[in-house]
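Everything below belongs to target-v9.csv, which stores CSV, C-alpha atoms.
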chain,number,residue,atom,x,y,z
I,1,MET,CA,-9.3,4.9,15.0
I,2,GLU,CA,-5.8,4.2,16.2
I,3,TYR,CA,-2.9,6.5,15.2
I,4,ARG,CA,0.7,5.5,14.9
I,5,LEU,CA,3.9,7.5,14.2
I,6,LEU,CA,5.1,7.0,10.7
I,7,GLY,CA,8.7,6.0,11.4
I,8,SER,CA,11.0,9.0,12.1
I,9,THR,CA,8.7,11.5,10.4
I,10,SER,CA,6.5,13.8,12.4
I,11,LEU,CA,3.4,12.3,10.8
I,12,ASN,CA,0.9,10.7,13.2
I,13,VAL,CA,-1.1,8.6,10.8
I,14,SER,CA,-4.2,6.5,11.1
I,15,SER,CA,-3.3,2.8,11.3
I,16,ILE,CA,-5.8,2.1,8.6
I,17,GLY,CA,-5.2,4.4,5.7
I,18,PHE,CA,-6.7,4.6,2.2
I,19,GLY,CA,-5.1,3.1,-0.8
I,20,ALA,CA,-6.2,5.0,-3.9
I,21,TRP,CA,-5.2,2.7,-6.7
I,22,ALA,CA,-8.7,1.3,-7.1
I,23,ILE,CA,-10.3,4.7,-7.6
I,24,GLY,CA,-7.6,5.7,-10.1
I,25,GLY,CA,-7.7,2.8,-12.6
I,26,SER,CA,-6.9,-0.9,-13.3
I,27,TRP,CA,-9.7,-2.1,-11.0
I,28,GLY,CA,-12.7,-1.8,-13.3
I,29,ASP,CA,-14.9,1.3,-13.7
I,30,VAL,CA,-15.3,3.6,-10.7
I,31,THR,CA,-17.2,6.8,-11.3
I,32,GLU,CA,-15.9,10.0,-9.9
I,33,GLU,CA,-19.0,10.3,-7.7
I,34,SER,CA,-18.4,6.8,-6.2
I,35,ALA,CA,-14.7,7.5,-5.7
I,36,MET,CA,-15.4,10.8,-3.9
I,37,ALA,CA,-18.0,9.1,-1.7
I,38,ALA,CA,-15.4,6.5,-0.7
I,39,LEU,CA,-12.8,9.2,0.1
I,40,HIS,CA,-15.3,11.2,2.2
I,41,GLY,CA,-16.4,8.0,4.0
I,42,ALA,CA,-12.8,7.2,4.9
I,43,LEU,CA,-12.2,10.7,6.2
I,44,ASP,CA,-15.5,10.5,8.2
I,45,ALA,CA,-14.2,7.3,9.8
I,46,GLY,CA,-10.9,8.9,11.1
I,47,THR,CA,-8.6,8.0,8.2
I,48,ASN,CA,-6.0,10.7,7.8
I,49,PHE,CA,-3.5,9.0,5.4
I,50,PHE,CA,-4.2,8.6,1.7
I,51,ASP,CA,-1.8,6.8,-0.5
I,52,THR,CA,-1.8,7.4,-4.3
I,53,ALA,CA,0.6,7.5,-7.3
I,54,ASP,CA,1.0,9.6,-10.4
I,55,VAL,CA,0.2,6.6,-12.6
I,56,TYR,CA,-3.1,5.7,-11.0
I,57,GLY,CA,-5.5,6.7,-13.8
I,58,ASP,CA,-2.7,8.9,-15.2
I,59,GLY,CA,-3.1,11.4,-12.3
I,60,ARG,CA,-6.8,10.8,-11.8
I,61,SER,CA,-6.3,9.5,-8.3
I,62,GLU,CA,-4.2,12.4,-7.3
I,63,ARG,CA,-6.7,14.9,-8.6
I,64,LEU,CA,-9.6,13.2,-6.7
I,65,ILE,CA,-7.6,13.6,-3.5
I,66,ALA,CA,-7.1,17.3,-4.4
I,67,ARG,CA,-10.8,17.6,-4.7
I,68,LEU,CA,-11.3,16.0,-1.3
I,69,ARG,CA,-9.0,18.6,0.2
I,70,ARG,CA,-11.0,21.4,-1.4
I,71,GLU,CA,-14.3,19.9,-0.1
I,72,ARG,CA,-13.2,19.2,3.5
I,73,SER,CA,-11.6,21.2,6.2
I,74,GLU,CA,-10.1,18.3,8.2
I,75,PRO,CA,-6.3,18.0,7.8
I,76,PHE,CA,-4.9,14.8,6.3
I,77,TYR,CA,-1.7,13.5,4.8
I,78,THR,CA,-1.1,12.5,1.2
I,79,ALA,CA,1.6,10.1,0.1
I,80,THR,CA,2.2,9.7,-3.6
I,81,LYS,CA,4.6,7.6,-5.7
I,82,ALA,CA,6.8,8.3,-8.8
I,83,GLY,CA,8.8,6.3,-11.3
I,84,ARG,CA,6.2,4.2,-13.1
I,85,ARG,CA,5.7,6.8,-15.8
I,86,LEU,CA,8.9,5.5,-17.4
I,87,PRO,CA,8.2,3.5,-20.6
I,88,SER,CA,10.5,0.9,-19.2
I,89,GLN,CA,12.1,0.5,-15.7
I,90,THR,CA,15.7,1.5,-15.9
I,91,VAL,CA,18.0,3.0,-13.2
I,92,GLU,CA,19.0,5.7,-15.7
I,93,GLY,CA,15.3,6.7,-15.9
I,94,TYR,CA,15.4,7.9,-12.3
I,95,SER,CA,17.4,11.0,-13.4
I,96,SER,CA,17.4,14.3,-11.5
I,97,ALA,CA,15.4,15.9,-14.3
I,98,ASN,CA,12.8,13.1,-14.4
I,99,LEU,CA,12.4,13.0,-10.6
I,100,ARG,CA,11.9,16.8,-10.5
I,101,GLY,CA,9.4,16.6,-13.4
I,102,TRP,CA,7.4,13.8,-11.7
I,103,VAL,CA,7.3,15.7,-8.4
I,104,GLU,CA,6.1,18.9,-10.1
I,105,ARG,CA,3.4,17.1,-11.9
I,106,SER,CA,2.1,15.5,-8.7
I,107,LEU,CA,2.2,18.8,-7.0
I,108,GLN,CA,0.0,20.2,-9.8
I,109,ASN,CA,-2.4,17.3,-9.6
I,110,LEU,CA,-2.6,17.5,-5.9
I,111,GLU,CA,-2.9,21.3,-5.9
I,112,SER,CA,-0.2,21.5,-3.3
I,113,GLU,CA,3.0,23.3,-2.7
I,114,THR,CA,4.7,20.3,-1.0
I,115,LEU,CA,4.3,16.6,-0.9
I,116,ASP,CA,3.9,15.1,2.6
I,117,LEU,CA,5.6,11.9,1.4
I,118,LEU,CA,7.1,10.9,-2.0
I,119,GLN,CA,7.9,7.3,-2.6
I,120,LEU,CA,9.9,5.8,-5.4
I,121,HIS,CA,7.5,3.4,-7.1
I,122,CYS,CA,9.0,-0.1,-7.1
I,123,PRO,CA,12.2,0.9,-8.9
I,124,PRO,CA,14.7,-1.5,-10.3
I,125,SER,CA,16.7,-3.4,-7.6
I,126,ASP,CA,20.0,-1.8,-8.8
I,127,LEU,CA,18.7,1.7,-8.1
I,128,TYR,CA,19.6,1.2,-4.4
I,129,LYS,CA,23.3,1.3,-5.4
I,130,ARG,CA,23.0,4.7,-6.9
I,131,ASP,CA,23.5,7.4,-4.3
I,132,GLU,CA,22.8,10.2,-6.8
I,133,VAL,CA,19.1,9.2,-6.9
I,134,PHE,CA,18.8,9.8,-3.2
I,135,ASP,CA,20.9,12.9,-3.4
I,136,THR,CA,18.2,14.3,-5.7
I,137,LEU,CA,15.5,13.5,-3.2
I,138,GLU,CA,17.5,15.3,-0.6
I,139,GLN,CA,17.7,18.3,-2.8
I,140,LEU,CA,14.0,18.3,-3.4
I,141,LYS,CA,13.5,18.1,0.3
I,142,LYS,CA,15.8,21.1,0.9
I,143,GLU,CA,13.8,23.0,-1.7
I,144,GLY,CA,10.5,22.3,0.2
I,145,LEU,CA,8.9,20.3,-2.6
I,146,ILE,CA,8.7,17.2,-0.5
I,147,ARG,CA,8.6,16.8,3.3
I,148,HIS,CA,9.7,13.2,3.5
I,149,TYR,CA,10.7,10.4,1.1
I,150,GLY,CA,10.6,6.7,1.0
I,151,VAL,CA,10.3,3.7,-1.3
I,152,SER,CA,7.7,1.2,-2.4
I,153,VAL,CA,9.3,-2.2,-3.0
I,154,GLU,CA,8.4,-5.6,-4.5
I,155,LYS,CA,11.0,-7.7,-2.6
I,156,VAL,CA,12.2,-7.9,1.0
I,157,SER,CA,15.8,-7.7,-0.3
I,158,GLU,CA,15.0,-4.3,-1.8
I,159,ALA,CA,13.5,-3.1,1.5
I,160,LEU,CA,16.7,-4.1,3.3
I,161,ASP,CA,18.8,-2.3,0.7
I,162,ALA,CA,16.6,0.8,1.1
I,163,LEU,CA,17.6,1.0,4.8
I,164,GLU,CA,21.2,1.7,3.7
I,165,HIS,CA,20.1,5.2,2.7
I,166,PRO,CA,19.8,7.4,5.8
I,167,GLY,CA,17.2,9.7,4.2
I,168,VAL,CA,14.7,6.9,3.6
I,169,GLU,CA,12.0,7.3,6.3
I,170,THR,CA,9.4,4.9,5.0
I,171,VAL,CA,9.1,1.6,3.2
I,172,GLN,CA,5.9,0.4,1.5
I,173,ILE,CA,5.8,-3.3,1.1
I,174,ILE,CA,3.2,-6.0,0.4
I,175,PHE,CA,2.3,-7.5,3.8
I,176,ASN,CA,-0.8,-9.6,4.4
I,177,LEU,CA,-1.9,-13.0,5.5
I,178,PHE,CA,-0.4,-14.3,2.2
I,179,ARG,CA,2.9,-12.5,2.7
I,180,LEU,CA,4.6,-13.0,6.0
I,181,LYS,CA,8.2,-12.8,4.9
I,182,PRO,CA,8.6,-9.1,5.6
I,183,ALA,CA,7.8,-9.6,9.3
I,184,GLU,CA,10.4,-12.4,9.5
I,185,GLU,CA,13.2,-10.8,7.6
I,186,PHE,CA,12.7,-7.0,7.5
I,187,PHE,CA,10.6,-5.6,10.3
I,188,ALA,CA,13.3,-5.8,13.0
I,189,ALA,CA,15.8,-4.0,10.9
I,190,ALA,CA,13.3,-1.2,10.0
I,191,LYS,CA,12.5,-0.8,13.7
I,192,VAL,CA,16.2,-0.2,14.5
I,193,ARG,CA,16.4,2.4,11.8
I,194,LYS,CA,13.1,3.9,12.9
I,195,VAL,CA,11.7,3.5,9.4
I,196,GLY,CA,7.9,3.6,9.0
I,197,ILE,CA,6.3,0.5,7.4
I,198,ILE,CA,3.3,0.9,5.1
I,199,ALA,CA,1.5,-2.4,4.4
I,200,ARG,CA,0.2,-2.4,0.9
I,201,VAL,CA,-2.1,-4.9,-0.9
I,202,PRO,CA,-3.4,-5.8,2.6
I,203,MET,CA,-6.5,-7.6,1.1
I,204,ALA,CA,-4.5,-9.5,-1.5
I,205,SER,CA,-6.4,-7.8,-4.3
I,206,GLY,CA,-9.7,-8.5,-2.6
I,207,LEU,CA,-9.2,-12.2,-1.9
I,208,LEU,CA,-9.0,-11.6,1.8
I,209,THR,CA,-12.4,-10.0,1.8
I,210,GLY,CA,-13.8,-13.5,1.4
I,211,LYS,CA,-16.2,-12.2,-1.3
I,212,ILE,CA,-14.4,-13.5,-4.3
I,213,THR,CA,-15.3,-16.9,-5.6
I,214,ARG,CA,-14.3,-19.2,-8.5
I,215,ASP,CA,-17.2,-17.7,-10.5
I,216,THR,CA,-16.3,-14.1,-9.9
I,217,GLN,CA,-15.8,-12.2,-13.2
I,218,PHE,CA,-13.4,-9.2,-13.4
I,219,ALA,CA,-13.7,-6.4,-16.0
I,220,PRO,CA,-11.3,-6.4,-18.9
I,221,ASP,CA,-9.6,-3.3,-17.5
I,222,ASP,CA,-9.2,-4.9,-14.0
I,223,HIS,CA,-5.6,-6.1,-13.3
I,224,ARG,CA,-7.1,-9.2,-11.6
I,225,ASN,CA,-8.2,-10.2,-15.1
I,226,PHE,CA,-5.1,-9.1,-17.2
I,227,ASN,CA,-2.2,-9.4,-14.8
I,228,ARG,CA,-2.5,-12.7,-13.1
I,229,HIS,CA,0.7,-14.0,-14.5
I,230,GLY,CA,2.6,-10.7,-14.6
I,231,GLU,CA,1.6,-9.7,-18.1
I,232,ALA,CA,1.5,-6.0,-17.4
I,233,PHE,CA,3.6,-5.6,-14.2
I,234,ASP,CA,4.9,-7.7,-11.3
I,235,MET,CA,2.5,-10.5,-10.8
I,236,GLY,CA,3.0,-10.1,-7.0
I,237,GLU,CA,0.7,-7.0,-7.2
I,238,THR,CA,-2.2,-9.2,-8.3
I,239,PHE,CA,-3.5,-11.6,-5.6
I,240,SER,CA,-0.1,-11.2,-3.9
I,241,GLY,CA,1.3,-13.6,-6.6
I,242,VAL,CA,-0.6,-16.6,-5.2
I,243,ASP,CA,-2.3,-19.0,-7.5
I,244,PHE,CA,-6.0,-18.2,-7.6
I,245,GLU,CA,-7.3,-21.7,-6.7
I,246,VAL,CA,-4.8,-22.2,-3.9
I,247,ALA,CA,-5.6,-18.8,-2.5
I,248,LEU,CA,-9.4,-19.5,-2.4
I,249,GLU,CA,-8.7,-22.7,-0.6
I,250,ALA,CA,-6.6,-20.8,2.0
I,251,VAL,CA,-9.4,-18.2,2.3
I,252,ASP,CA,-11.8,-21.0,3.1
I,253,GLU,CA,-9.6,-22.1,6.0
I,254,LEU,CA,-9.0,-18.5,7.2
I,255,LYS,CA,-12.8,-17.9,7.4
I,256,LYS,CA,-13.0,-20.5,10.2
I,257,LEU,CA,-10.7,-18.3,12.4
I,258,VAL,CA,-12.8,-15.1,12.1
I,259,PRO,CA,-14.7,-14.1,15.3
I,260,GLU,CA,-18.5,-13.7,14.9
I,261,GLU,CA,-18.4,-9.9,15.2
I,262,MET,CA,-15.8,-9.4,12.4
I,263,THR,CA,-15.7,-9.9,8.7
I,264,LEU,CA,-12.7,-11.7,7.1
I,265,ALA,CA,-11.5,-8.3,5.7
I,266,GLN,CA,-11.5,-6.8,9.2
I,267,PHE,CA,-9.7,-9.9,10.5
I,268,ALA,CA,-7.1,-9.5,7.8
I,269,LEU,CA,-6.5,-5.9,8.6
I,270,ARG,CA,-6.5,-6.5,12.4
I,271,TRP,CA,-3.9,-9.2,11.8
I,272,ILE,CA,-1.6,-6.7,10.1
I,273,LEU,CA,-2.1,-4.3,13.0
I,274,MET,CA,-0.9,-7.0,15.5
I,275,PHE,CA,2.6,-6.1,14.2
I,276,PRO,CA,3.6,-2.9,16.0
I,277,GLU,CA,6.3,-2.2,13.4
I,278,VAL,CA,3.6,-1.5,10.9
I,279,SER,CA,2.7,2.2,10.9
I,280,CYS,CA,-0.2,1.9,8.5
I,281,ALA,CA,-2.1,-0.5,6.3
I,282,ILE,CA,-3.6,0.9,3.1
I,283,PRO,CA,-6.7,-1.0,1.9
I,284,GLY,CA,-8.6,0.3,-1.1
I,285,ALA,CA,-12.3,1.1,-1.1
I,286,LYS,CA,-14.8,1.9,-3.8
I,287,THR,CA,-17.7,2.8,-1.5
I,288,PRO,CA,-18.2,4.6,1.9
I,289,LYS,CA,-19.3,1.4,3.5
I,290,GLN,CA,-16.1,-0.4,2.5
I,291,ALA,CA,-14.0,2.5,3.7
I,292,GLN,CA,-15.7,2.7,7.0
I,293,GLN,CA,-15.6,-1.1,7.6
I,294,ASN,CA,-11.9,-1.0,6.8
I,295,ALA,CA,-11.3,1.8,9.3
I,296,SER,CA,-13.3,0.0,12.0
I,297,SER,CA,-10.8,-2.8,11.9
I,298,ALA,CA,-8.5,-0.8,14.2
I,299,ASP,CA,-11.2,-0.7,16.9
I,300,PHE,CA,-11.4,-4.4,17.5
I,301,PRO,CA,-9.4,-6.0,20.3
I,302,ALA,CA,-6.2,-7.9,19.7
I,303,LEU,CA,-6.5,-11.2,18.0
I,304,SER,CA,-5.9,-14.3,20.2
I,305,ALA,CA,-2.6,-16.1,20.2
I,306,SER,CA,-4.4,-19.1,18.9
I,307,ALA,CA,-5.9,-17.3,15.9
I,308,MET,CA,-2.4,-15.8,15.1
I,309,ALA,CA,-0.8,-19.3,15.3
I,310,GLN,CA,-3.5,-20.9,13.2
I,311,ALA,CA,-3.2,-18.2,10.5
I,312,ARG,CA,0.5,-18.7,10.4
I,313,ALA,CA,0.0,-22.5,10.0
I,314,ILE,CA,-2.3,-21.9,7.0
I,315,TYR,CA,0.4,-19.7,5.5
I,316,ASP,CA,3.1,-22.2,6.2
I,317,SER,CA,1.2,-25.1,4.7
I,318,ARG,CA,-0.4,-23.5,1.7
I,319,ILE,CA,1.3,-20.2,0.8
I,320,ARG,CA,4.9,-19.9,2.0
I,321,GLY,CA,6.4,-22.1,-0.7
I,322,LEU,CA,4.7,-20.2,-3.5
I,323,VAL,CA,5.9,-16.7,-2.6
I,324,GLU,CA,8.9,-16.5,-0.4
I,325,ASN,CA,11.5,-17.5,-3.1
I,326,ARG,CA,10.2,-14.7,-5.4
I,327,TRP,CA,9.6,-11.8,-3.1

How does this structure look as structure tokens?
Amino acid sequence: MEYRLLGSTSLNVSSIGFGAWAIGGSWGDVTEESAMAALHGALDAGTNFFDTADVYGDGRSERLIARLRRERSEPFYTATKAGRRLPSQTVEGYSSANLRGWVERSLQNLESETLDLLQLHCPPSDLYKRDEVFDTLEQLKKEGLIRHYGVSVEKVSEALDALEHPGVETVQIIFNLFRLKPAEEFFAAAKVRKVGIIARVPMASGLLTGKITRDTQFAPDDHRNFNRHGEAFDMGETFSGVDFEVALEAVDELKKLVPEEMTLAQFALRWILMFPEVSCAIPGAKTPKQAQQNASSADFPALSASAMAQARAIYDSRIRGLVENRW
């Protein structure tokens, strides 16, 4: 496993982390035993960064990570997110009282006295104009309830706005073979500010594993079934906002670039790690095998210049026009 410094924080994190949305909810049924096995598998493979949120299974994901900490002696970092417990997303909802309440609830779920990293969970774009929200985060930091804070965003413009706040140390953004815009318009600015970049949705909701076909059926409670057009939350969270049929055609082309010794999923993760500005990618996993295969992506040699160029060409011809004007 490769480890990278998370921006200006003191956290030296595994370049392949663990995204704990899938074991919390909205990805079909995952038993507690299966979830715990996946978490243990990730830790066994050298993963030391686990990303969750207070709304993943209404706290279930956080509680599973708390159980992992009880069952294992190895140290690891936990990042959680707050803000999506609001009934509707408004800037006013990110009040000092609400922020404090969310943090205290996450601390309880995680059975911890301090949060390694708290991230605002895709708040409204106008929030970045409200200094008082970030003043509250500074106060929570002074009180020792959080060690570091950052944001999770939908749009590149929001990521750039977040950099205007000196206390923001991390930005979590969708970045994968179907979302190249962050590298072109955000990464350089983040590097100057020494802000850590966490690449989320690295598998485009499983499309970039190469295992999903036109005949794949998703459970009723799986967001890949109920949120394809943004019915429940931003459609960019599901398949990176790319039309399902178009995405499958692009996947077929990407498969031709994958070296024999790799899977498409490992190729997709290694592609992300080719960008040194990225501190960590956070794929999900429902089994130990998935977690360990994800983690092994960091061990492969650098992708060739030819493969990188061909992957970009596929993005340019099939994907760019579908996503860049929205996110």

Report task. Counting all atoms listed in the file, write as a list in words all protein and nucleic acid residues lying at most 9 Å from (-5.2, 20.7, -6.3) in the file's frame. Result ->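 Residues lying no farther than 9 Å from the given point: Glu62, Arg63, Leu64, Ile65, Ala66, Arg67, Arg69, Arg70, Leu107, Gln108, Asn109, Leu110, Glu111 and Ser112 of chain I.
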
**Report entry** Length of the CA of Glu138 (chain I) to CA of Glu92 (chain I) vector [Å]
**Finding:**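 We find that CA of Glu138 (chain I) and CA of Glu92 (chain I) lie 18.0 Å from each other.
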
Query raised in the report: With distances taken over only C-alpha atoms, which of I:Ser240, I:Thr9, I:Thr287, I:Ser95 is nearest to Arg320 (chain I)?
Result: I:Ser240

Can you report as AutoDock Vina command-line options the centre and edge lengths in Å, to one decimal, of an axis-aligned box around the listed atoms of region 159-169 of chain I padded with 4 Å on each side?
--center_x 16.6 --center_y 2.8 --center_z 3.5 --size_x 17.2 --size_y 21.8 --size_z 13.6

Skip region 43-46 of chain I itself and residues of its chain fewer than 5 positions away, then list as a short mmCIF file (atom, residue, chain, number, x, y, z; two decimals) with C-alpha atoms, in the coordinates of the input all residues within 7 Å of it, counting only C-alpha atoms.
data_model
loop_
_atom_site.label_atom_id
_atom_site.label_comp_id
_atom_site.auth_asym_id
_atom_site.auth_seq_id
_atom_site.Cartn_x
_atom_site.Cartn_y
_atom_site.Cartn_z
CA MET I 1 -9.30 4.90 15.00
CA GLN I 292 -15.70 2.70 7.00
CA ALA I 295 -11.30 1.80 9.30
#

Report task. Measuring atom to atom with all atoms listed in the file, identify which of I:Pro301, I:Gly210, I:Pro288, I:Pro220 is nearest to Lys256 (chain I). Result ->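 Of I:Pro301, I:Gly210, I:Pro288, I:Pro220, the one nearest Lys256 (chain I) is I:Gly210, counting all atoms listed in the file.
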
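One distance worth recording is that between CA of Arg179 (chain I) and CA of Ile16 (chain I), which is 18.0 Å.
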
Query raised in the report: Given the choices I:Ser317, I:Ser14, I:Thr216, I:Asn325, which gets closest to Ser157 (chain I) if the distance is worked out from all atoms listed in the file?
Result: I:Asn325
